[in-house]
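Chemist: Next up, protein_19.cif (mmCIF, C-alpha atoms).
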data_run
loop_
_atom_site.label_atom_id
_atom_site.label_comp_id
_atom_site.auth_asym_id
_atom_site.auth_seq_id
_atom_site.Cartn_x
_atom_site.Cartn_y
_atom_site.Cartn_z
CA MET A 186 -7.85 8.46 57.02
CA THR A 187 -11.20 9.75 58.32
CA ALA A 188 -13.06 12.82 57.09
CA ALA A 189 -12.05 14.65 60.30
CA ALA A 190 -8.38 13.85 59.71
CA ARG A 191 -8.55 15.02 56.10
CA VAL A 192 -10.30 18.23 57.12
CA LEU A 193 -7.64 18.87 59.77
CA ALA A 194 -4.75 18.32 57.37
CA GLY A 195 -6.25 20.69 54.80
CA ALA A 196 -7.15 23.33 57.38
CA LEU A 197 -3.66 23.37 58.91
CA GLY A 198 -2.09 23.74 55.49
CA TRP A 199 -4.29 26.73 54.71
CA LEU A 200 -3.74 28.34 58.11
CA GLU A 201 0.04 28.04 57.74
CA THR A 202 -0.06 29.53 54.26
CA ASN A 203 -2.16 32.45 55.50
CA LEU A 204 -0.46 33.00 58.84
CA GLU A 205 0.48 36.60 58.02
CA TRP A 206 -3.19 37.61 58.03
CA PHE A 207 -3.46 36.86 61.76
CA ALA A 208 -1.29 39.91 62.42
CA PRO A 209 -3.60 42.81 63.40
CA GLU A 210 -1.75 45.28 61.18
CA ARG A 211 -2.04 42.97 58.16
CA TRP A 212 -5.74 42.36 58.81
CA GLU A 213 -6.44 46.09 58.99
CA GLU A 214 -4.90 46.78 55.58
CA HIS A 215 -8.07 45.54 53.89
CA LEU A 216 -10.50 44.37 56.60
CA PRO A 217 -12.49 46.32 59.23
CA ARG A 218 -10.69 46.87 62.51
CA ARG A 219 -11.80 44.42 65.18
CA PRO A 220 -12.77 45.58 68.71
CA PHE A 221 -9.90 43.44 70.04
CA PRO A 222 -7.37 43.48 67.17
CA PRO A 223 -5.44 40.32 68.26
CA GLY A 224 -8.70 38.35 68.51
CA THR A 225 -7.79 36.09 65.59
CA LEU A 226 -4.52 35.24 67.33
CA LEU A 227 -6.38 34.12 70.46
CA GLU A 228 -8.30 31.61 68.38
CA LEU A 229 -5.15 30.47 66.58
CA LEU A 230 -3.25 29.91 69.84
CA GLY A 231 -6.22 27.97 71.19
CA LEU A 232 -5.77 25.56 68.28
CA VAL A 233 -1.98 25.39 68.75
CA ARG A 234 -2.56 24.42 72.39
CA LEU A 235 -4.90 21.58 71.43
CA LEU A 236 -2.46 20.32 68.80
CA ASN A 237 0.05 19.76 71.60
CA ARG A 238 -2.24 17.34 73.44
CA PRO A 239 -1.37 13.63 73.58
CA GLY A 240 -3.17 11.51 71.02
CA VAL A 241 -3.38 14.21 68.35
CA PRO A 242 -1.87 13.15 65.00
CA PRO A 243 1.24 15.23 64.20
CA GLU A 244 -0.42 17.17 61.40
CA ALA A 245 1.12 20.54 62.32
CA ASP A 246 4.87 20.90 61.98
CA ALA A 247 7.08 22.71 64.45
CA ALA A 248 7.62 25.60 62.06
CA PHE A 249 3.91 26.42 62.04
CA THR A 250 3.76 26.48 65.83
CA ARG A 251 6.93 28.56 66.10
CA ARG A 252 5.72 31.12 63.55
CA ALA A 253 2.32 31.40 65.25
CA LEU A 254 3.95 31.96 68.63
CA ASP A 255 6.43 34.47 67.19
CA LEU A 256 3.57 36.46 65.74
CA ALA A 257 1.56 36.38 68.97
CA ALA A 258 4.57 37.34 71.11
CA ARG A 259 5.37 40.24 68.78
CA THR A 260 1.77 41.43 69.04
CA ALA A 261 1.80 41.20 72.84
CA ALA A 262 5.02 43.23 72.93
CA ALA A 263 3.59 46.06 70.82
CA PRO A 264 2.89 49.36 72.65
CA SER A 265 -0.75 49.25 71.53
CA PHE A 266 -1.29 45.96 73.36
CA GLY A 267 0.16 47.34 76.59
CA GLU A 268 -1.95 50.47 76.28
CA GLY A 269 -5.09 48.41 75.77
CA LEU A 270 -4.27 46.23 78.76
CA ARG A 271 -3.74 49.23 81.04
CA LYS A 272 -7.14 50.64 80.06
CA ALA A 273 -8.62 47.60 81.81
CA GLY A 274 -11.96 48.02 80.06
CA GLU A 275 -14.41 45.59 78.57
CA LEU A 276 -11.68 43.83 76.59
CA PHE A 277 -9.45 43.15 79.60
CA PRO A 278 -10.27 39.39 79.71
CA TYR A 279 -8.96 38.98 76.17
CA HIS A 280 -5.71 40.79 76.95
CA LEU A 281 -5.31 38.48 79.93
CA ASN A 282 -6.09 35.44 77.81
CA LEU A 283 -3.41 36.25 75.23
CA VAL A 284 -0.84 36.65 78.00
CA ALA A 285 -1.97 33.37 79.58
CA LEU A 286 -1.84 31.42 76.31
CA LEU A 287 1.66 32.68 75.56
CA ASP A 288 2.74 31.57 79.03
CA LEU A 289 1.20 28.13 78.54
CA LEU A 290 2.90 27.72 75.17
CA GLY A 291 6.37 28.61 76.40
CA ARG A 292 6.51 32.35 75.69
CA PRO A 293 6.13 33.88 79.17
CA GLN A 294 5.19 37.54 79.55
CA PRO A 295 6.13 38.22 83.20
CA THR A 296 5.51 41.98 83.23
CA SER A 297 2.13 41.71 81.51
CA ARG A 298 1.18 38.75 83.67
CA SER A 299 1.86 40.70 86.88
CA ARG A 300 -0.18 43.61 85.58
CA CYS A 301 -3.05 41.29 84.68
CA GLN A 302 -3.13 39.83 88.19
CA ALA A 303 -3.03 43.29 89.77
CA LEU A 304 -5.88 44.52 87.55
CA LEU A 305 -7.85 41.38 88.31
CA ASP A 306 -7.38 41.88 92.05
CA ALA A 307 -8.65 45.44 91.66
CA ASP A 308 -11.73 44.19 89.75
CA ALA A 309 -10.74 46.27 86.75
CA GLY A 310 -13.69 46.46 84.39
CA GLY A 311 -16.03 44.81 86.92
CA HIS A 312 -15.88 41.53 85.02
CA THR A 313 -16.51 39.42 88.12
CA GLN A 314 -19.63 41.30 89.20
CA LEU A 315 -22.91 39.39 89.52
CA HIS A 316 -24.66 41.59 86.96
CA LYS A 317 -22.28 40.47 84.20
CA PRO A 318 -23.67 37.79 81.86
CA VAL A 319 -23.07 34.23 83.01
CA LEU A 320 -21.25 33.29 79.80
CA ASN A 321 -18.81 36.18 80.23
CA ARG A 322 -18.04 35.16 83.80
CA LEU A 323 -17.69 31.48 82.83
CA GLU A 324 -15.33 32.50 80.02
CA LEU A 325 -13.22 34.62 82.39
CA ARG A 326 -13.11 31.83 84.97
CA TYR A 327 -11.94 29.45 82.24
CA PHE A 328 -9.18 31.87 81.20
CA LEU A 329 -8.06 32.25 84.83
CA ASP A 330 -8.08 28.56 85.70
CA ARG A 331 -6.37 27.54 82.46
CA GLY A 332 -3.77 30.27 82.81
CA GLY A 333 -3.02 29.73 86.49
CA PHE A 334 -4.20 33.13 87.69
CA ALA A 335 -5.58 33.59 91.20
CA ALA A 336 -9.31 34.09 90.80
CA PRO A 337 -11.05 36.72 92.93
CA ALA A 338 -13.15 35.24 95.73
CA ARG A 339 -16.29 36.90 94.33
CA LEU A 340 -16.05 34.86 91.10
CA PRO A 341 -17.72 31.44 91.50
CA ASP A 342 -15.95 28.30 90.35
CA ALA A 343 -16.41 27.12 86.78
CA GLU A 344 -18.81 24.29 87.67
CA SER A 345 -21.16 26.68 89.51
CA LEU A 346 -21.12 29.14 86.61
CA TYR A 347 -21.69 26.37 84.08
CA ALA A 348 -24.76 25.26 86.05
CA GLN A 349 -26.27 28.70 85.36
CA SER A 350 -25.38 28.68 81.65
CA ILE A 351 -27.69 28.08 78.71
CA ALA A 352 -26.11 24.67 78.11
CA ALA A 353 -27.13 23.41 81.56
CA LEU A 354 -30.70 24.75 81.53
CA SER A 355 -32.42 22.40 79.05
CA PRO A 356 -32.62 24.96 76.20
CA ASP A 357 -35.65 24.91 73.93
CA VAL A 358 -34.14 24.29 70.49
CA HIS A 359 -37.24 25.71 68.77
CA GLN A 360 -36.47 29.11 70.26
CA LEU A 361 -32.65 29.30 70.06
CA THR A 362 -31.19 32.13 68.04
CA SER A 363 -27.79 31.80 66.37
CA SER A 364 -26.17 33.87 69.10
CA GLU A 365 -27.75 31.66 71.78
CA THR A 366 -26.50 28.58 69.97
CA TYR A 367 -22.98 30.03 70.02
CA ALA A 368 -23.44 30.69 73.75
CA LEU A 369 -24.37 27.02 74.20
CA THR A 370 -21.35 25.72 72.26
CA HIS A 371 -18.92 28.01 74.07
CA SER A 372 -20.33 27.06 77.45
CA VAL A 373 -19.50 23.45 76.60
CA PHE A 374 -16.04 24.42 75.34
CA TYR A 375 -15.17 26.16 78.60
CA ALA A 376 -16.76 23.59 80.90
CA THR A 377 -14.89 20.70 79.26
CA ASP A 378 -11.71 22.55 78.26
CA PHE A 379 -12.45 21.55 74.66
CA GLY A 380 -13.07 17.91 75.51
CA GLN A 381 -10.19 17.48 77.94
CA ARG A 382 -12.41 16.79 80.98
CA PRO A 383 -15.99 15.57 81.50
CA CYS A 384 -18.78 18.09 81.32
CA PRO A 385 -20.23 18.80 84.80
CA ASP A 386 -23.25 16.65 85.53
CA THR A 387 -26.41 18.74 85.89
CA PRO A 388 -30.15 17.98 85.75
CA GLY A 389 -30.00 19.20 82.14
CA SER A 390 -27.18 16.89 80.96
CA GLU A 391 -29.37 14.52 78.94
CA ALA A 392 -31.35 17.42 77.51
CA LEU A 393 -28.08 19.01 76.39
CA ARG A 394 -26.99 15.92 74.44
CA GLU A 395 -30.38 15.83 72.76
CA ALA A 396 -30.20 19.57 72.00
CA VAL A 397 -26.76 19.10 70.40
CA ARG A 398 -28.12 16.18 68.33
CA VAL A 399 -31.04 18.22 67.03
CA LEU A 400 -28.94 21.33 66.41
CA LEU A 401 -26.40 19.23 64.48
CA GLY A 402 -29.25 18.21 62.18
CA VAL A 403 -30.54 21.78 61.91
CA HIS A 404 -27.21 23.28 60.90
CA LEU A 405 -26.31 20.32 58.69
CA ALA A 406 -29.55 21.02 56.80
CA ARG A 407 -28.92 24.77 56.74
CA GLY A 408 -25.34 24.31 55.56
CA ASN A 409 -23.99 26.56 58.33
CA LEU A 410 -20.49 25.10 58.54
CA ASP A 411 -19.46 27.41 61.38
CA LEU A 412 -22.10 26.25 63.85
CA LEU A 413 -21.95 22.72 62.45
CA SER A 414 -18.22 22.56 63.28
CA GLU A 415 -18.75 23.92 66.79
CA LEU A 416 -21.54 21.42 67.40
CA LEU A 417 -19.38 18.56 66.12
CA LEU A 418 -16.82 19.59 68.74
CA CYS A 419 -19.53 19.67 71.42
CA ALA A 420 -20.76 16.21 70.45
CA ARG A 421 -17.36 14.70 71.19
CA ALA A 422 -16.60 16.95 74.16
CA LEU A 423 -19.77 15.66 75.84
CA GLY A 424 -18.64 12.09 75.29
CA GLY A 425 -20.95 9.11 75.04
CA PRO A 426 -22.24 7.33 71.94
CA THR A 427 -21.96 8.93 68.54
CA LEU A 428 -24.87 11.27 67.82
CA SER A 429 -27.07 10.81 64.77
CA PHE A 430 -25.62 13.44 62.46
CA GLU A 431 -21.91 13.36 63.31
CA ARG A 432 -20.74 11.31 60.34
CA GLN A 433 -22.90 13.27 57.88
CA GLY A 434 -21.67 16.46 59.52
CA TRP A 435 -18.03 15.59 58.86
CA GLU A 436 -18.86 14.54 55.32
CA ALA A 437 -20.54 17.92 54.78
CA VAL A 438 -17.56 19.87 56.15
CA GLU A 439 -15.14 17.87 54.00
CA ALA A 440 -17.31 18.31 50.90
CA ALA A 441 -17.45 22.08 51.41
CA GLN A 442 -13.74 22.49 52.18
CA ARG A 443 -11.98 24.31 49.37
CA SER A 444 -9.09 22.68 47.53
CA ASP A 445 -6.70 25.05 49.35
CA GLY A 446 -7.97 23.81 52.76
CA ALA A 447 -10.17 26.75 53.74
CA VAL A 448 -13.65 26.01 55.12
CA PRO A 449 -16.08 28.78 54.03
CA SER A 450 -18.15 30.62 56.62
CA PRO A 451 -21.84 31.44 56.12
CA VAL A 452 -20.88 34.94 54.89
CA HIS A 453 -18.44 33.72 52.24
CA ARG A 454 -19.61 34.40 48.69
CA PRO A 455 -17.60 32.76 45.87
CA GLU A 456 -18.98 35.25 43.36
CA VAL A 457 -17.57 38.14 45.40
CA LEU A 458 -14.17 36.46 45.59
CA GLU A 459 -14.16 35.94 41.83
CA GLY A 460 -14.40 39.70 41.34
CA LEU A 461 -11.31 40.42 43.46
CA THR A 462 -7.61 40.09 42.79
CA GLY A 463 -4.33 40.26 44.68
CA ASP A 464 -4.33 41.31 48.32
CA LYS A 465 -8.01 42.20 48.27
CA ALA A 466 -8.89 38.67 47.19
CA ALA A 467 -6.57 37.16 49.82
CA ALA A 468 -8.03 39.41 52.53
CA TYR A 469 -11.62 38.59 51.58
CA LEU A 470 -10.89 34.86 51.56
CA PHE A 471 -9.19 35.03 54.96
CA GLY A 472 -11.84 37.25 56.55
CA THR A 473 -14.70 35.01 55.41
CA CYS A 474 -13.02 31.64 56.05
CA TYR A 475 -10.57 31.85 58.94
CA HIS A 476 -13.06 31.34 61.81
CA THR A 477 -14.89 28.39 60.28
CA THR A 478 -11.56 26.83 59.26
CA LEU A 479 -10.31 27.16 62.85
CA ALA A 480 -13.61 25.79 64.22
CA ALA A 481 -13.40 22.79 61.91
CA ALA A 482 -9.76 22.18 62.90
CA LEU A 483 -10.60 22.39 66.62
CA ALA A 484 -13.50 19.97 66.16
CA ALA A 485 -11.27 17.60 64.20
CA VAL A 486 -8.62 17.55 66.94
CA VAL A 487 -11.22 16.73 69.61
CA THR A 488 -12.85 14.11 67.36
CA LEU A 489 -9.56 12.40 66.54
CA ARG A 490 -8.82 12.01 70.26
CA SER A 491 -12.25 10.42 70.75
CA VAL A 492 -14.17 7.48 69.37
CA PRO A 493 -14.62 7.38 65.59
CA PRO A 494 -18.10 8.35 64.38
CA GLY A 495 -20.55 5.48 64.31
CA PRO A 496 -22.63 4.35 61.33
CA ASP A 497 -24.62 7.01 59.54
CA LEU A 498 -28.36 7.06 59.07
CA GLY A 499 -28.15 5.67 55.55
CA VAL A 500 -30.31 8.54 54.23
CA PRO A 501 -28.89 12.03 53.64
CA MET A 502 -30.36 14.85 55.70
CA PRO A 503 -32.57 17.08 53.52
CA ARG A 504 -31.37 20.62 53.03
CA ALA A 505 -33.27 23.44 54.73
CA ASP A 506 -35.07 24.02 51.47
CA ARG A 507 -38.87 24.20 51.41
CA THR A 508 -39.23 21.95 48.38
CA GLU A 509 -36.89 19.29 49.79
CA MET A 510 -38.61 19.36 53.17
CA LEU A 511 -42.08 19.01 51.62
CA ALA A 512 -40.79 16.07 49.56
CA TRP A 513 -39.44 14.53 52.78
CA ALA A 514 -42.84 14.86 54.47
CA ASN A 515 -44.57 13.35 51.45
CA GLU A 516 -42.19 10.38 51.45
CA VAL A 517 -42.88 9.75 55.13
CA ARG A 518 -46.62 9.72 54.44
CA THR A 519 -46.44 7.49 51.37
CA ARG A 520 -43.55 5.12 52.13
CA PRO A 521 -43.84 3.42 55.52
CA SER A 522 -40.65 1.48 54.74
CA ALA A 523 -38.70 4.76 55.03
CA HIS A 524 -39.88 5.51 58.55
CA ASP A 525 -36.89 4.18 60.46
CA ALA A 526 -34.44 6.16 58.34
CA ARG A 527 -36.50 9.36 58.58
CA ARG A 528 -37.42 9.30 62.26
CA GLU A 529 -34.07 10.75 63.38
CA GLN A 530 -34.49 13.61 60.91
CA LEU A 531 -37.89 14.72 62.21
CA ASP A 532 -36.84 16.98 65.08
CA PRO A 533 -34.31 19.12 63.14
CA LEU A 534 -36.84 19.65 60.35
CA LEU A 535 -39.51 20.66 62.87
CA VAL A 536 -37.09 23.22 64.34
CA ILE A 537 -36.35 24.66 60.90
CA ALA A 538 -40.07 24.96 60.08
CA VAL A 539 -40.72 26.73 63.40
CA GLN A 540 -37.71 29.04 63.03
CA ASP A 541 -38.79 29.95 59.51
CA ALA A 542 -42.36 30.62 60.72
CA ASP A 543 -43.75 28.67 57.78
CA PRO A 544 -47.18 27.31 58.80
CA THR A 545 -47.79 25.22 55.68
CA LEU A 546 -44.40 23.56 55.96
CA LEU A 547 -44.84 23.03 59.69
CA ASP A 548 -48.25 21.45 59.13
CA GLU A 549 -46.72 18.99 56.66
CA ILE A 550 -43.87 18.10 59.02
CA LEU A 551 -46.36 17.64 61.88
CA HIS A 552 -48.46 15.34 59.68
CA ALA A 553 -45.29 13.38 58.99
CA ALA A 554 -44.66 13.20 62.74
CA ALA A 555 -48.07 11.57 63.16
CA HIS A 556 -47.24 9.00 60.48
CA LEU A 557 -44.00 8.28 62.34
CA GLY A 558 -45.95 7.82 65.60
CA SER A 559 -44.03 10.72 67.14
CA GLN A 560 -46.75 13.34 67.45
CA THR A 561 -46.76 13.17 71.26
CA ALA A 562 -42.97 13.45 71.62
CA PRO A 563 -41.76 16.71 73.25
CA LEU A 564 -40.60 18.61 70.14
CA PRO A 565 -43.59 17.79 67.91
CA ARG A 566 -45.94 18.63 70.79
CA ALA A 567 -44.21 21.97 71.39
CA ALA A 568 -44.20 22.76 67.68
CA ALA A 569 -47.93 22.01 67.43
CA ALA A 570 -48.61 24.35 70.37
CA LEU A 571 -46.64 27.15 68.73
CA ARG A 572 -48.47 26.56 65.45
CA LEU A 573 -51.80 26.87 67.23
CA ALA A 574 -50.84 30.04 69.11
CA ALA A 575 -49.02 31.92 66.33
CA GLU A 576 -50.69 33.86 63.57
CA TRP A 577 -48.30 33.08 60.74
CA ASN A 578 -49.23 33.86 57.17
CA SER A 579 -48.65 31.08 54.70
CA PRO A 580 -46.03 31.96 52.06
CA GLU A 581 -47.07 32.35 48.46
CA PRO A 582 -47.02 29.01 46.64
#
For this file, write the structure as structure tokens.

Modeler:
Amino acid sequence: MTAAARVLAGALGWLETNLEWFAPERWEEHLPRRPFPPGTLLELLGLVRLLNRPGVPPEADAAFTRRALDLAARTAAAPSFGEGLRKAGELFPYHLNLVALLDLLGRPQPTSRSRCQALLDADAGGHTQLHKPVLNRLELRYFLDRGGFAAPARLPDAESLYAQSIAALSPDVHQLTSSETYALTHSVFYATDFGQRPCPDTPGSEALREAVRVLLGVHLARGNLDLLSELLLCARALGGPTLSFERQGWEAVEAAQRSDGAVPSPVHRPEVLEGLTGDKAAAYLFGTCYHTTLAAALAAVVTLRSVPPGPDLGVPMPRADRTEMLAWANEVRTRPSAHDARREQLDPLLVIAVQDADPTLLDEILHAAAHLGSQTAPLPRAAAALRLAAEWNSPEP
């Protein structure tokens, strides 16, 4: 069994055990109310849908699927859901998506579906307007196409919208914020239907694969399991040869997965959990683990339907720790025999040094790039230009 398969089995066990917390009313007993209360259910049903695809190991039993659908159908039948749908405001696409997912999974909602189509035809909320962000319009188009709704003529097709997205525009990984990285991963999710179809070919296709490779290394080093999981999904959704950090990425997710199957998010703090008991402890664990656990499960499903990860680099990726990164740079300078193993790690470490605005660290990584003969490659060259232009203060030793 591969690391992805083990992660999936553990994640599904934890999700089934904690299914009650996906109910909006249960969530709100101890956790802050979400703008769209059934939002966790949307993510859960997205996973249920992928588990039904051919080629996915039967890790989830029928009882789990039935209970998840029962909970979602009960939520969609609640008066509060109908009231929110009729408001047709900024959350309208998510109401529509829940209705569409229930239809796709065998729990049709004919009255709500008709209302959704009527609101869509009336441009309720203006979600198809040109001034709306590209990612929002791509997301809506994905919901409509997947759910079989008639899309308004003013809303371009998914391929045209994807071509305007951050994923298709050769993003500069030095400059990407976390929110922009999430925009990149979700653009790939929608364009490929989570790996079900090829990503549209654009002039930025090769740059996107390279960006995903580098970002995998960045978030592997940072230990951000949420973005790491989403990027692992993107790596397989894009197809092609295994990227450099995929195997190490899965090993990192598996190593961090709790014994109960939960995968901690970046905001999870074990010391906080230790101070809680009963429902408060269960709520904290769910609130700080559910999304990353779902992301890891989604990535595992897509990976298991794809080629197995290729051989790893043979050398673990350093953590995004200043001392470890300086030691890495020193090894590159003093041990030429390590160059082949370290060359793949250069770009992610450059990105981390730039993002952290640490001039001393960046200088050391750039010196290492010169020893690797990579100083004229695009990312080292861009990092050197930023170093020259920026007025960063060196941190205290």

Chemist: Can you tell me how far atom CA of Lys272 of chain A sits from atom CA of Leu204 of chain A, in Å to one decimal?

Modeler: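 Distance between the two atoms: 28.4 Å.
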
Chemist: List the residues matched by the PyMOL selection byres ((chain A and resi 206) around 9) in the displayed structure as a list in words, ordered by chain and then by residue number.

Modeler: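 Those residues are Asn203, Leu204, Glu205, Phe207, Ala208, Pro209, Glu210, Arg211, Trp212, Thr225, Ala467, Ala468, Phe471 and Gly472 of chain A.
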
Chemist: Once the PyMOL selection byres ((chain A and resi 235) around 10) has been evaluated on this model, what residues remain selected, and can you format them as a PyMOL selection string?

Modeler: chain A and resi 230-234+236-239+241+378-381+482-483+486-487

Chemist: Report as a count of residues only all protein, DNA and RNA residues lying within 8 Å of Ala392 of chain A, evaluated on only C-alpha atoms, omitting residues in the same chain fewer than 3 positions from it.

Modeler: 5

Chemist: With the file shown as input, list the residues that the PyMOL selection byres ((chain A and resi 297) around 9) selects, as a list of chain:residue names.

Modeler: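 Taken over the shown coordinates, the PyMOL selection byres ((chain A and resi 297) around 9) returns A:Ala261, A:Gly267, A:Leu270, A:Leu281, A:Val284, A:Gln294, A:Pro295, A:Thr296, A:Arg298, A:Ser299, A:Arg300, A:Cys301, A:Gln302.
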
Chemist: What would the list of residues within 12 Å of (-18.9, 18.0, 54.6) (file frame) look like as number ranges by chain, if all atoms listed in the file are what count?

Modeler: A: 187-189, 191-192, 404-406, 408-411, 413-414, 417, 430-443, 448-449, 481, 501-502

Chemist: Please list, as a PyMOL selection string, the residues that have an atom at most 12 Å away from (-35.2, 14.1, 63.6) in the coordinates of this file, counting all atoms listed in the file.

Modeler: chain A and resi 395-403+405-406+428-430+498+500-503+513-514+524-537+550-551+553-554+557+559+562-565

Chemist: Skip Ala285 of chain A itself and residues of its chain fewer than 5 positions away, then list as a list in words all residues within 10 Å of it, counting all atoms listed in the file.

Modeler: Tyr279, His280, Leu290, Arg292, Pro293, Gln294, Ser297, Arg298, Cys301, Phe328, Leu329, Asp330, Arg331, Gly332, Gly333 and Phe334 of chain A
